[in-house]
Amino acid sequence: MKEYSIVIPAYNEADKISSTLTQVVSFMRTFSPSYEVIVVDDGSRDNTAEMVSEFQKNNPEVVVVRNPHKGKSYAVYTGVMRSDGDLIYLCDADLSTPISELKKLAVWAKDQDFDVVIGSREGKGAQRIGEPSYRHIIGRIFNLLVQVLALPGIQDSQCGFKLLKSPSARRIFANLKVYGPDAKITQKPFFGAFDVEVIYLARKFGYKIKEVPVIWHYVRTTRFNFVENSYKMARDVLKIRLNDAKGLYKVE
């Protein structure tokens with residue numbers, strides 16, 4: 001078993017995936033004696049998967065998994081369930097939070113025994129670089145909704161960089177209902193609120209959760225309609241609470 005599994009969901013990332021993998025592998029070689037990098041290609045229409053395969057030839061610690069296009073949440077689910085690391089790091093392909101920030105999260109998982117460590121763009125020490133003010137405002141409104149409906153006290157559920165202990169991660173992801181293995185093939189990119197369901201289950205199962213302020217760079221995207229996506233995310237947060245009310249999240 002390896003020390004770390006780095007799970008990177010990727011959809012049409014041919015313009016940056018080689019650079020991302022170079023940064024990740026270069027850092028991990030100095031940070032951990034045993035690791036793997038799992039890139040889950042979410043049915044990309046470009047040559048993302050082929051580029052990862054080419055990179056893999058000289059970097060055997062990198063693995064590519066090809067999924068049908070079911071969205072980021074299913075890509076992350078696939079990577080987590082395939083992983084072989086004691087600690088599983090969820091990492092966006094754009095590295096909007098630099099891979100070196102993993103050091104901050106690892107301290108809380110390894111030295112302080114937290115089960116789920118969340119990279120947060122809020123709190124003392126966090127930095128949001130280049131983010132338009134309107135995006136920040138919309139994000140804070142969504143966070144308020146998340147706190148009211150599902151995760152009181154969590155200041156930033158949506159940052160895509162999280163570190164989980166393997167047993168906790170497997171139990172959480174195996175119990176996802178809104179964003180689990182039953183995800184349907186889609187034609188549109190969809191970011192989703194799967195982070196909310198992950199953290200909601202972590203709390204329900206009694207795991208220790210820590211938010212850690214990180215550096216985050218805004219990366220502009222035109223892949224999805226921001227307003228439409230925000231509506232779907234809010235709808236799914238409500239689904240999570242309804243699922244719990246129906247008893248679908250069982251604590252064994």
# chains A, B, ... in the order shown; residues from 1 in each chain; ligands from 1

$ select_by_dssp --residues "stretch 27-216 of chain A" --states "alpha helix (DSSP H)" --output "PyMOL selection string"
chain A and resi 27-31+48-56+72-82+102-106+133-149+166-174+194-204

$ select_by_dssp --residues "stretch 15-243 of chain A" --states "strand (DSSP E)" --output "number ranges by chain"
A: 35-42, 62-67, 85-90, 116-120, 127-129, 162-165, 209-213, 215-217

$ write_last_selection --atoms "C-alpha atoms" --output "CSV table (one decimal), in the first residue's frame"
chain,number,residue,atom,x,y,z
A,35,TYR,CA,2.7,7.5,-4.0
A,36,GLU,CA,0.5,7.1,-7.1
A,37,VAL,CA,-1.2,9.7,-9.3
A,38,ILE,CA,-4.6,8.6,-10.7
A,39,VAL,CA,-6.0,10.7,-13.5
A,40,VAL,CA,-9.6,9.8,-14.2
A,41,ASP,CA,-10.5,11.0,-17.7
A,42,ASP,CA,-14.2,12.0,-17.7
A,62,VAL,CA,1.0,7.9,-13.0
A,63,VAL,CA,-2.2,5.9,-14.0
A,64,VAL,CA,-5.0,6.9,-16.4
A,65,VAL,CA,-8.5,5.6,-16.0
A,66,ARG,CA,-11.0,6.3,-18.8
A,67,ASN,CA,-14.6,6.9,-17.8
A,85,GLY,CA,-2.9,5.0,-0.7
A,86,ASP,CA,-3.2,5.5,3.0
A,87,LEU,CA,-4.1,9.1,2.3
A,88,ILE,CA,-6.1,10.2,-0.7
A,89,TYR,CA,-5.7,13.7,-2.0
A,90,LEU,CA,-8.4,15.1,-4.3
A,116,VAL,CA,-11.0,14.6,6.4
A,117,VAL,CA,-8.9,17.7,5.8
A,118,ILE,CA,-10.5,20.4,3.6
A,119,GLY,CA,-8.6,23.0,1.7
A,120,SER,CA,-10.4,26.3,2.4
A,127,GLN,CA,-5.6,33.7,-0.3
A,128,ARG,CA,-7.9,34.1,-3.2
A,129,ILE,CA,-5.9,35.3,-6.2
A,162,LYS,CA,-9.2,17.7,0.1
A,163,LEU,CA,-7.2,15.0,1.9
A,164,LEU,CA,-8.9,11.9,3.3
A,165,LYS,CA,-7.7,8.9,5.2
A,209,ILE,CA,-12.9,17.2,10.0
A,210,LYS,CA,-10.5,20.1,9.7
A,211,GLU,CA,-10.6,23.2,7.4
A,212,VAL,CA,-7.2,24.5,6.5
A,213,PRO,CA,-6.7,27.8,4.7
A,215,ILE,CA,-3.7,29.6,-1.5
A,216,TRP,CA,-6.1,29.5,-4.4
A,217,HIS,CA,-5.8,31.0,-7.9

$ closest_residue --among "A:Lys110, A:Leu242, A:Ser73, A:Val214" --to "A:Asp195" --atoms "only C-alpha atoms"
A:Ser73

$ closest_atom_pairs --of "stretch 8-74 of chain A" --to "stretch 170-185 of chain A" --cutoff "7 Å" --atoms "only C-alpha atoms" --output "CSV"
residue,atom,partner,partner_atom,distance
A:Pro68,CA,A:Ile185,CA,6.7
A:His69,CA,A:Ile185,CA,5.5
A:Lys70,CA,A:Ile185,CA,4.5
A:Ser73,CA,A:Tyr179,CA,5.9
A:Tyr74,CA,A:Gly180,CA,6.5

$ write_last_selection --atoms "N, CA and C atoms" --output "short mmCIF file (atom, residue, chain, number, x, y, z; two decimals), in the first residue's frame"
data_model
loop_
_atom_site.label_atom_id
_atom_site.label_comp_id
_atom_site.auth_asym_id
_atom_site.auth_seq_id
_atom_site.Cartn_x
_atom_site.Cartn_y
_atom_site.Cartn_z
N PRO A 68 -16.72 6.97 -18.97
CA PRO A 68 -17.70 7.69 -19.80
C PRO A 68 -17.95 9.04 -19.15
N HIS A 69 -18.50 9.97 -19.90
CA HIS A 69 -18.69 11.34 -19.39
C HIS A 69 -19.89 11.38 -18.44
N LYS A 70 -19.60 11.18 -17.15
CA LYS A 70 -20.64 11.22 -16.13
C LYS A 70 -20.45 12.37 -15.15
N SER A 73 -17.97 14.38 -10.30
CA SER A 73 -18.22 13.61 -9.09
C SER A 73 -17.95 12.12 -9.33
N TYR A 74 -18.42 11.59 -10.45
CA TYR A 74 -18.21 10.17 -10.74
C TYR A 74 -16.73 9.89 -11.04
#

$ atom_distance --atom1 "atom CA of A:Leu95" --atom2 "atom CA of A:Ser32"
18.7 Å

$ closest_residue --among "A:Ser166, A:Lys208, A:Tyr218, A:Thr22" --to "A:Gly79" --atoms "only C-alpha atoms"
A:Ser166

$ closest_residue --among "A:Met233, A:Ala109, A:Val146, A:Cys91" --to "A:Phe194" --atoms "only C-alpha atoms"
A:Met233

$ decode --residues "stretch 160-208 of chain A" --atoms "C-alpha atoms" --output "compact mmCIF listing (two decimals), in the first residue's frame"
# COMPACT_ATOMS: atom_id res chain seq x y z
CA GLY A 160 -11.62 21.06 -4.85
CA PHE A 161 -8.58 20.15 -2.75
CA LYS A 162 -9.20 17.67 0.06
CA LEU A 163 -7.21 15.01 1.90
CA LEU A 164 -8.93 11.94 3.35
CA LYS A 165 -7.73 8.86 5.17
CA SER A 166 -8.37 5.84 3.00
CA PRO A 167 -10.83 3.93 5.25
CA SER A 168 -12.89 7.09 5.78
CA ALA A 169 -12.84 7.96 2.08
CA ARG A 170 -13.96 4.51 0.99
CA ARG A 171 -16.82 4.41 3.46
CA ILE A 172 -17.97 7.91 2.52
CA PHE A 173 -17.81 7.40 -1.24
CA ALA A 174 -19.45 3.97 -1.03
CA ASN A 175 -22.46 5.65 0.58
CA LEU A 176 -22.91 8.56 -1.83
CA LYS A 177 -26.45 8.71 -3.18
CA VAL A 178 -26.71 11.96 -5.14
CA TYR A 179 -23.21 11.67 -6.61
CA GLY A 180 -22.41 7.98 -6.31
CA PRO A 181 -21.90 5.10 -8.74
CA ASP A 182 -25.35 5.47 -10.29
CA ALA A 183 -24.40 8.71 -12.07
CA LYS A 184 -25.83 8.96 -15.58
CA ILE A 185 -23.94 9.76 -18.76
CA THR A 186 -24.30 13.46 -19.54
CA GLN A 187 -23.66 15.68 -22.54
CA LYS A 188 -22.95 18.83 -20.53
CA PRO A 189 -20.11 19.63 -18.13
CA PHE A 190 -21.41 19.75 -14.56
CA PHE A 191 -19.36 20.70 -11.51
CA GLY A 192 -21.90 19.66 -8.91
CA ALA A 193 -22.08 19.81 -5.11
CA PHE A 194 -20.63 16.39 -4.42
CA ASP A 195 -18.24 18.01 -1.92
CA VAL A 196 -21.28 18.78 0.23
CA GLU A 197 -22.44 15.18 0.22
CA VAL A 198 -18.91 13.97 1.04
CA ILE A 199 -18.55 16.31 4.02
CA TYR A 200 -22.15 15.70 5.13
CA LEU A 201 -21.49 11.97 5.30
CA ALA A 202 -18.14 12.53 7.03
CA ARG A 203 -19.99 14.37 9.79
CA LYS A 204 -22.78 11.82 9.95
CA PHE A 205 -20.26 9.01 10.35
CA GLY A 206 -18.48 10.89 13.12
CA TYR A 207 -15.20 11.56 11.35
CA LYS A 208 -12.89 14.35 12.50
